[in-house]
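The structure file protein_24.txt is reproduced below (compact mmCIF, C-alpha atoms).
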# COMPACT_ATOMS: atom_id res chain seq x y z
CA MET A 1 97.86 85.28 105.20
CA LEU A 2 98.45 86.60 101.69
CA ARG A 3 97.57 83.24 100.13
CA GLN A 4 94.33 83.16 102.13
CA ARG A 5 93.50 86.69 100.95
CA LEU A 6 94.10 85.68 97.33
CA ASP A 7 91.90 82.61 97.75
CA GLU A 8 89.12 84.88 99.04
CA VAL A 9 89.51 87.21 96.04
CA VAL A 10 89.32 84.32 93.55
CA ASP A 11 86.30 82.83 95.37
CA ARG A 12 84.52 86.20 95.29
CA PHE A 13 85.29 86.56 91.58
CA ASN A 14 83.82 83.13 90.84
CA ILE A 15 80.67 83.98 92.83
CA LEU A 16 80.25 87.20 90.86
CA GLU A 17 80.64 85.26 87.60
CA GLN A 18 77.94 82.79 88.64
CA ARG A 19 75.51 85.51 89.79
CA MET A 20 75.95 87.46 86.55
CA ALA A 21 75.32 84.31 84.49
CA ALA A 22 72.08 83.71 86.44
CA GLY A 23 70.48 86.78 84.81
CA PRO A 24 69.92 89.25 87.68
CA GLN A 25 67.90 92.47 87.47
CA ALA A 26 69.50 95.35 85.55
CA ASP A 27 70.47 97.39 88.65
CA GLU A 28 72.05 94.37 90.36
CA TYR A 29 73.83 93.39 87.14
CA VAL A 30 75.43 96.85 86.91
CA GLU A 31 76.75 96.57 90.48
CA LEU A 32 77.99 93.01 89.95
CA SER A 33 79.72 93.87 86.67
CA ARG A 34 81.44 96.88 88.25
CA GLU A 35 82.94 94.73 91.01
CA TYR A 36 83.75 92.00 88.48
CA ALA A 37 85.67 94.49 86.30
CA GLU A 38 87.62 95.72 89.35
CA LEU A 39 88.64 92.19 90.38
CA GLU A 40 89.37 90.76 86.92
CA PRO A 41 92.94 92.17 86.48
CA LEU A 42 93.88 90.99 89.98
CA VAL A 43 92.48 87.50 89.39
CA ARG A 44 94.41 87.28 86.10
CA SER A 45 97.61 88.17 87.97
CA VAL A 46 96.85 85.59 90.68
CA SER A 47 96.28 82.90 88.02
CA ALA A 48 99.55 83.82 86.28
CA LEU A 49 101.42 83.79 89.61
CA ARG A 50 100.15 80.34 90.52
CA GLN A 51 101.09 79.02 87.08
CA ALA A 52 104.59 80.48 87.44
CA GLU A 53 104.97 78.99 90.93
CA LYS A 54 103.97 75.57 89.57
CA GLU A 55 106.52 75.99 86.79
CA LEU A 56 109.20 76.85 89.35
CA ALA A 57 108.34 73.78 91.41
CA ASP A 58 108.68 71.59 88.28
CA ILE A 59 112.05 73.19 87.49
CA ASP A 60 113.32 72.54 91.01
CA GLU A 61 112.33 68.89 90.64
CA LEU A 62 114.26 68.66 87.37
CA LEU A 63 117.33 70.22 89.01
CA LYS A 64 117.59 67.16 91.25
CA ALA A 65 118.30 65.03 88.16
CA ASP A 66 121.84 64.98 86.83
CA ASP A 67 121.15 65.09 83.11
CA GLU A 68 120.49 67.46 80.20
CA LEU A 69 117.06 68.41 81.55
CA ALA A 70 118.71 69.77 84.68
CA GLU A 71 120.89 72.06 82.57
CA ILE A 72 117.85 73.35 80.67
CA ALA A 73 115.97 73.89 83.93
CA GLU A 74 118.93 75.78 85.41
CA ALA A 75 118.91 78.16 82.45
CA GLU A 76 115.15 78.78 82.67
CA ARG A 77 114.93 79.23 86.43
CA PRO A 78 116.08 82.92 86.72
CA GLU A 79 113.44 84.08 84.23
CA VAL A 80 110.65 82.23 86.07
CA VAL A 81 111.79 83.69 89.42
CA LYS A 82 111.80 87.15 87.85
CA THR A 83 108.22 86.61 86.62
CA ILE A 84 107.10 85.48 90.07
CA ASP A 85 108.64 88.55 91.72
CA ARG A 86 106.98 90.88 89.16
CA LEU A 87 103.56 89.29 89.57
CA ALA A 88 103.87 89.30 93.36
CA ASP A 89 104.64 93.05 93.30
CA GLU A 90 101.66 93.69 90.99
CA ILE A 91 99.38 91.79 93.36
CA ARG A 92 100.68 93.59 96.46
CA VAL A 93 99.93 96.93 94.77
CA ALA A 94 96.49 95.74 93.65
CA LEU A 95 95.65 94.72 97.23
CA LEU A 96 96.50 98.13 98.68
CA PRO A 97 93.53 99.97 100.27
CA LYS A 98 91.66 101.89 97.59
CA ASP A 99 90.76 105.57 97.92
CA GLU A 100 87.04 105.55 97.16
CA ALA A 101 87.38 109.03 95.63
CA ASP A 102 90.01 108.02 93.05
CA ALA A 103 87.46 107.11 90.37
CA LYS A 104 85.58 110.38 90.77
CA SER A 105 85.63 113.54 88.69
CA ALA A 106 87.14 116.58 90.42
CA ILE A 107 86.66 120.24 91.20
CA LEU A 108 89.80 122.19 90.30
CA GLU A 109 90.46 125.53 92.00
CA VAL A 110 93.40 127.72 90.96
CA ARG A 111 94.09 131.01 92.77
CA ALA A 112 96.75 133.69 92.39
CA GLY A 113 99.01 133.91 95.43
CA THR A 114 101.89 136.26 96.18
CA GLY A 115 103.15 138.26 93.23
CA GLY A 116 100.34 140.59 92.17
CA GLN A 117 99.56 140.68 88.45
CA GLU A 118 102.31 138.17 87.67
CA ALA A 119 100.71 135.68 90.09
CA ALA A 120 97.40 136.02 88.22
CA LEU A 121 99.19 135.43 84.91
CA PHE A 122 100.85 132.32 86.36
CA ALA A 123 97.49 131.07 87.65
CA GLY A 124 96.27 131.37 84.07
CA ASP A 125 99.28 129.36 82.84
CA LEU A 126 98.55 126.62 85.38
CA PHE A 127 94.88 126.43 84.46
CA ARG A 128 95.70 126.15 80.75
CA MET A 129 98.21 123.39 81.62
CA TYR A 130 95.43 121.44 83.33
CA GLU A 131 93.03 122.09 80.44
CA ARG A 132 95.56 120.65 77.98
CA TYR A 133 96.34 117.73 80.28
CA ALA A 134 92.62 116.99 80.59
CA ALA A 135 92.31 117.00 76.80
CA GLU A 136 95.23 114.53 76.60
CA GLN A 137 93.37 112.24 79.05
CA GLY A 138 90.03 112.54 77.27
CA TRP A 139 88.42 114.46 80.14
CA LYS A 140 86.02 117.41 79.86
CA VAL A 141 86.60 120.74 81.62
CA GLU A 142 83.72 123.05 82.53
CA VAL A 143 84.53 126.46 84.02
CA MET A 144 82.20 127.14 86.96
CA SER A 145 83.37 130.59 88.05
CA MET A 146 86.28 132.92 87.41
CA SER A 147 87.72 136.26 88.41
CA GLU A 148 90.12 137.63 85.81
CA GLY A 149 93.36 139.45 86.59
CA GLU A 150 93.85 143.05 85.54
CA ALA A 151 96.73 142.17 83.20
CA GLY A 152 95.34 138.76 82.22
CA GLY A 153 95.24 135.35 83.82
CA TYR A 154 93.03 134.74 86.83
CA LYS A 155 92.75 135.91 90.40
CA GLU A 156 90.68 132.77 90.85
CA ILE A 157 89.17 130.13 88.56
CA ILE A 158 87.10 127.10 89.51
CA ALA A 159 86.26 124.31 87.08
CA ALA A 160 84.78 120.82 87.04
CA VAL A 161 87.03 118.21 85.43
CA ARG A 162 84.92 115.23 84.46
CA GLY A 163 86.06 111.79 83.36
CA THR A 164 87.31 108.45 84.66
CA ASN A 165 89.88 108.43 87.49
CA VAL A 166 90.30 112.21 87.37
CA PHE A 167 90.89 112.57 91.11
CA ALA A 168 93.35 109.66 91.14
CA ARG A 169 95.59 111.54 88.68
CA MET A 170 94.97 115.12 89.78
CA LYS A 171 94.99 114.83 93.58
CA PHE A 172 98.77 115.26 93.77
CA GLU A 173 98.48 118.79 92.28
CA SER A 174 97.07 120.35 95.47
CA GLY A 175 99.46 122.84 97.03
CA VAL A 176 101.50 125.97 96.30
CA HIS A 177 103.06 126.22 92.83
CA ARG A 178 105.92 128.71 92.46
CA VAL A 179 107.19 130.37 89.28
CA GLN A 180 110.56 132.06 88.71
CA ARG A 181 110.72 134.22 85.58
CA VAL A 182 110.93 137.75 84.22
CA PRO A 183 107.34 139.04 84.26
CA VAL A 184 105.97 140.75 81.16
CA THR A 185 105.22 143.69 83.46
CA GLU A 186 108.93 143.97 84.43
CA SER A 187 110.91 146.44 82.32
CA GLY A 188 114.25 145.88 84.06
CA GLY A 189 114.60 142.21 83.13
CA ARG A 190 114.76 141.03 86.74
CA ILE A 191 113.61 137.55 87.69
CA HIS A 192 110.64 137.55 90.05
CA THR A 193 109.19 134.75 92.17
CA SER A 194 105.41 134.46 92.29
CA ALA A 195 103.00 131.78 93.41
CA ALA A 196 99.58 130.31 92.84
CA THR A 197 97.66 127.78 94.89
CA VAL A 198 95.89 124.74 93.48
CA ALA A 199 93.18 122.72 95.20
CA VAL A 200 91.82 119.51 93.69
CA LEU A 201 88.67 118.19 95.38
CA PRO A 202 86.82 114.98 94.55
CA GLU A 203 83.43 115.77 93.07
CA ALA A 204 80.77 114.87 95.63
CA GLU A 205 77.29 113.58 94.87
CA ASP A 206 74.18 113.78 97.03
CA VAL A 207 74.82 110.22 98.20
CA ASP A 208 78.31 111.21 99.42
CA ILE A 209 77.24 114.13 101.56
CA ASP A 210 73.86 115.53 102.58
CA ILE A 211 73.45 119.28 103.13
CA PRO A 212 70.26 120.16 105.02
CA ALA A 213 68.52 123.30 103.73
CA ALA A 214 68.67 124.77 107.25
CA ASP A 215 72.49 124.67 107.11
CA ILE A 216 72.84 127.10 104.20
CA ARG A 217 72.07 130.75 103.50
CA ILE A 218 71.65 131.78 99.86
CA ASP A 219 72.13 135.41 98.84
CA THR A 220 71.73 136.92 95.39
CA MET A 221 73.81 139.88 94.31
CA ARG A 222 74.81 141.83 91.25
CA ALA A 223 77.46 140.14 89.16
CA SER A 224 80.54 142.06 88.04
CA GLY A 225 83.05 141.39 85.29
CA ALA A 226 86.72 142.23 84.83
CA GLY A 227 87.25 145.96 84.35
CA GLY A 228 83.52 146.60 84.61
CA GLN A 229 82.79 144.76 81.36
CA HIS A 230 79.94 142.29 80.82
CA VAL A 231 78.28 143.36 84.06
CA ASN A 232 74.84 141.86 84.49
CA THR A 233 72.11 144.36 85.27
CA THR A 234 70.11 141.81 87.27
CA ASP A 235 70.92 140.17 90.58
CA SER A 236 72.01 136.87 89.02
CA ALA A 237 75.13 136.09 91.05
CA VAL A 238 74.68 133.64 93.92
CA ARG A 239 76.55 133.38 97.22
CA ILE A 240 75.98 130.33 99.38
CA THR A 241 77.15 130.29 103.00
CA HIS A 242 77.39 127.00 104.85
CA LEU A 243 76.49 128.10 108.38
CA PRO A 244 78.07 125.25 110.42
CA THR A 245 81.52 125.65 108.82
CA GLY A 246 81.46 129.23 107.51
CA ILE A 247 82.43 128.06 103.99
CA VAL A 248 81.33 130.63 101.38
CA VAL A 249 80.93 129.78 97.68
CA THR A 250 79.97 132.21 94.93
CA SER A 251 79.05 131.82 91.27
CA SER A 252 78.44 134.74 88.93
CA GLU A 253 77.54 133.52 85.47
CA LYS A 254 74.45 134.80 83.61
CA SER A 255 71.85 132.33 84.91
CA GLN A 256 70.86 132.52 88.57
CA HIS A 257 69.54 128.94 88.45
CA GLN A 258 72.82 127.70 86.96
CA ASN A 259 74.82 129.72 89.49
CA ARG A 260 72.95 128.11 92.38
CA ALA A 261 73.53 124.59 90.99
CA ARG A 262 77.24 125.25 90.41
CA ALA A 263 77.76 126.84 93.82
CA MET A 264 76.10 123.85 95.50
CA GLU A 265 78.35 121.50 93.54
CA VAL A 266 81.47 123.33 94.76
CA LEU A 267 80.12 123.46 98.33
CA ARG A 268 79.47 119.70 98.33
CA ALA A 269 83.00 119.08 97.05
CA ARG A 270 84.57 121.27 99.75
CA LEU A 271 82.55 119.66 102.54
CA TYR A 272 83.32 116.17 101.20
CA ASP A 273 87.02 117.07 101.03
CA MET A 274 86.90 118.42 104.60
CA MET A 275 85.28 115.17 105.77
CA ARG A 276 87.98 113.13 103.99
CA GLN A 277 90.78 115.25 105.47
CA GLU A 278 89.40 114.84 108.98
CA ALA A 279 89.22 111.08 108.49
CA ASP A 280 92.81 111.00 107.18
CA ASP A 281 94.06 113.05 110.14
CA ALA A 282 92.26 110.78 112.58
CA ARG A 283 93.79 107.67 111.00
CA ALA A 284 97.37 108.86 110.77
CA ALA A 285 98.57 112.29 111.80
CA GLU A 286 102.04 111.49 110.47
CA ARG A 287 100.71 111.46 106.90
CA LYS A 288 100.53 115.26 106.94
CA GLY A 289 102.99 116.62 104.41
CA GLN A 290 103.40 113.35 102.55
CA VAL A 291 102.73 112.92 98.85
CA GLY A 292 99.00 112.98 98.25
CA SER A 293 98.14 114.55 101.61
CA GLY A 294 96.45 117.49 99.91
CA ASP A 295 98.09 120.07 102.18
CA ARG A 296 97.35 123.30 100.29
CA SER A 297 99.87 125.35 102.30
CA GLU A 298 102.81 123.22 101.18
CA ARG A 299 105.10 124.50 98.42
CA ILE A 300 105.11 121.54 96.11
CA ARG A 301 106.60 122.63 92.79
CA THR A 302 108.78 125.29 91.16
CA TYR A 303 108.65 126.29 87.49
CA ASN A 304 111.97 127.96 86.65
CA PHE A 305 111.83 129.66 83.23
CA PRO A 306 115.48 130.80 82.92
CA GLN A 307 116.69 127.21 83.34
CA GLY A 308 113.70 125.60 81.61
CA ARG A 309 113.13 123.25 84.52
CA VAL A 310 110.30 122.00 86.71
CA THR A 311 111.12 120.69 90.19
CA ASP A 312 108.69 118.82 92.42
CA HIS A 313 110.02 119.30 95.94
CA ARG A 314 108.11 116.41 97.52
CA ILE A 315 110.09 113.76 95.65
CA ASN A 316 113.12 115.83 94.53
CA LEU A 317 112.20 115.32 90.88
CA THR A 318 113.60 117.76 88.32
CA LEU A 319 112.65 117.72 84.64
CA TYR A 320 114.19 120.05 82.07
CA LYS A 321 110.91 120.01 80.16
CA LEU A 322 109.25 123.21 81.32
CA ASN A 323 107.45 123.93 78.03
CA GLU A 324 106.26 120.34 77.67
CA VAL A 325 104.94 120.25 81.25
CA LEU A 326 103.07 123.53 80.82
CA ALA A 327 101.71 122.22 77.52
CA GLY A 328 100.25 119.26 79.44
CA THR A 329 102.14 116.68 77.37
CA ALA A 330 104.84 115.93 79.97
CA LEU A 331 102.77 116.45 83.13
CA ASP A 332 102.13 112.70 83.21
CA GLU A 333 105.85 112.14 83.94
CA VAL A 334 105.48 114.15 87.16
CA VAL A 335 102.14 112.58 88.08
CA ASP A 336 103.46 109.05 87.46
CA ALA A 337 106.47 109.68 89.70
CA LEU A 338 104.26 111.07 92.48
CA ALA A 339 101.84 108.14 92.20
CA THR A 340 104.73 105.66 92.37
CA GLU A 341 106.16 107.36 95.47
CA HIS A 342 102.72 107.38 97.12
CA GLN A 343 102.33 103.70 96.30
CA SER A 344 105.75 102.90 97.77
CA ARG A 345 104.82 104.63 101.02
CA LEU A 346 101.60 102.63 101.27
CA LEU A 347 103.48 99.39 100.61
CA ALA A 348 106.04 100.28 103.30
CA GLU A 349 103.24 101.00 105.79
CA THR A 350 101.50 97.74 104.87
CA ASP A 351 104.70 95.70 105.17
CA GLY A 352 105.55 97.41 108.43
Please render this file's structure as structure tokens.
Amino acid sequence: MLRQRLDEVVDRFNILEQRMAAGPQADEYVELSREYAELEPLVRSVSALRQAEKELADIDELLKADDELAEIAEAERPEVVKTIDRLADEIRVALLPKDEADAKSAILEVRAGTGGQEAALFAGDLFRMYERYAAEQGWKVEVMSMSEGEAGGYKEIIAAVRGTNVFARMKFESGVHRVQRVPVTESGGRIHTSAATVAVLPEAEDVDIDIPAADIRIDTMRASGAGGQHVNTTDSAVRITHLPTGIVVTSSEKSQHQNRARAMEVLRARLYDMMRQEADDARAAERKGQVGSGDRSERIRTYNFPQGRVTDHRINLTLYKLNEVLAGTALDEVVDALATEHQSRLLAETDG
């Protein structure tokens, strides 16, 4: 079955190559080249696997001879078998079902949870961590709306993170993040536990989800800033209510036109995410709570300042690199481990 699937992939790749060489129209060429680029690494691995399998067959033939060549073949065989196993694993991973949203940009929402002012400060720390991580990845971050905390940080901040494969890397961040530290507002030096919630939604385009005008109500209102500062004197803030679901999105920057566009972008992302979650639940209810499920009520990670450690509870991973993680430079270590675990689960389900 696997060999037949690989034959189909190689055949499809060859067809794409021929159609691209025939000089199609620009739009068709873009689509063909996108699929070609997706298949090329897999086809290279398949070609390397078949070459290694041929080499192994030749070695096994030589082993039947009782001479010096047999001794050489015996010495080379373990390395060839190792190569075959590695390539086979790479191919199995490459053949896993793809999440169509992985290549998309994302909407990042960070909100203060339990803990009052300290929770808002922690939400600010998390958002800055993601900003730095995005910079490390070459992504762009655009703040869409924010509500500042009284002592700093954010009660809520929503931003668009744009780039290649943003959702694939960021989707594991959804959930409750907990911090254990002595707050700057604490005079007694006692360690407090606070929390912030993170939601990462794939950015949705008009082609992904259609929102009829009759399904939304748009209200304008007076914007307000933190502590009464920078308050607009015109009704520029926008609140959009999606009537079928009751989802409410607001944006309160200076331009009413920009606020409407940003609020619609967030609304599309939330509706698209809801649609994806419903599809996931329908396919496999047992996935709830697993890595990558996007369950926002799940406590996923603890940042312990006294011990300088970060613990991801989903995979029991602990790193004593708190500062590096919060600086965005070591967050990849956590993301890589989560992605590997998610991949292993998919492989187990496929094999089962």
**Q.** Within 6 Å of Phe167 of chain A using all atoms listed in the file, minus same-chain residues under 5 positions, as JSON, numbers by chain
**A.** {"A": [102, 104, 105, 106, 202]}
Would you mind exporting C-alpha atoms of the selected residues as a tab-separated table (two decimals), in the frame of the given file?
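Saved file out-v3.tsv follows:
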chain	number	residue	atom	x	y	z
A	102	ASP	CA	90.01	108.02	93.05
A	104	LYS	CA	85.58	110.38	90.77
A	105	SER	CA	85.63	113.54	88.69
A	106	ALA	CA	87.14	116.58	90.42
A	202	PRO	CA	86.82	114.98	94.55
Q. Using all atoms listed in the file, which residues sit within 8 Å of segment 261-268 of chain A once same-chain residues fewer than 5 positions away are excluded, as a PyMOL selection string?
A. chain A and resi 107+144+203-205+209+211+238-240+242+247-251
Q | Separation of atom CA of Thr193 of chain A from atom CA of Ala123 of chain A, in Å and rounded to one decimal | A | 13.1 Å
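Separating atom CA of Glu142 of chain A from atom CA of Arg178 of chain A is a distance of 25.0 Å.
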Q. With only C-alpha atoms as the basis for distance, which of A:Val325, A:Ala213, A:Val335, A:Val93 is at the shortest distance from Ser174 of chain A?
A.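 Of all the options, A:Val335 lies closest to Ser174 of chain A.
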Q: List the neighbours of Pro306 of chain A out to 10 Å using all atoms listed in the file; skip same-chain residues closer than 2 positions along the sequence, and give me the result as a PyMOL selection string.
A: chain A and resi 180-182+191+303-304+308-309+322
Can those selected residues be exported to a file as a PDB file, keeping the file's coordinate frame so that it contains C-alpha atoms?
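This is the output file out-v3.pdb:
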ATOM      1  CA  GLN A 180     110.560 132.060  88.710  1.00  0.00           C
ATOM      2  CA  ARG A 181     110.720 134.220  85.580  1.00  0.00           C
ATOM      3  CA  VAL A 182     110.930 137.750  84.220  1.00  0.00           C
ATOM      4  CA  ILE A 191     113.610 137.550  87.690  1.00  0.00           C
ATOM      5  CA  TYR A 303     108.650 126.290  87.490  1.00  0.00           C
ATOM      6  CA  ASN A 304     111.970 127.960  86.650  1.00  0.00           C
ATOM      7  CA  GLY A 308     113.700 125.600  81.610  1.00  0.00           C
ATOM      8  CA  ARG A 309     113.130 123.250  84.520  1.00  0.00           C
ATOM      9  CA  LEU A 322     109.250 123.210  81.320  1.00  0.00           C
TER      10      LEU A 322
END
Q. Excluding same-chain residues fewer than 4 positions from Phe122 of chain A, what lies within 9 Å of it counting all atoms listed in the file, as a PyMOL selection string?
A. chain A and resi 112+117-118+126-127+153-154+178-179+194-196
Q: State, in Å with one decimal place, the distance from atom CA of Val176 of chain A to atom CA of Gly113 of chain A.
A: 8.4 Å
(Q) Restricting the calculation to all atoms listed in the file: of A:Ala21, A:Ala269, A:Val161, A:Ala75, which residue gets closest to Leu56 of chain A? (A)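 Of all the options, A:Ala75 lies closest to Leu56 of chain A.
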**Q.** Within 12 Å of Glu79 of chain A using only C-alpha atoms, minus same-chain residues under 3 positions, as an MDAnalysis selection string
**A.** chainID A and resid 52:53 55:56 59 73:76 82:86
Q | Best match for closeness to Thr302 of chain A among A:Thr220, A:Arg190, A:Thr318, A:Phe13, counting all atoms listed in the file | A |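 Ranking A:Thr220, A:Arg190, A:Thr318, A:Phe13 by distance to Thr302 of chain A, first place goes to A:Thr318.
Across A:His257, A:Val80, A:Ser45, A:Ala199, the tightest approach to Phe172 of chain A is made by A:Ala199 when counting all atoms listed in the file.
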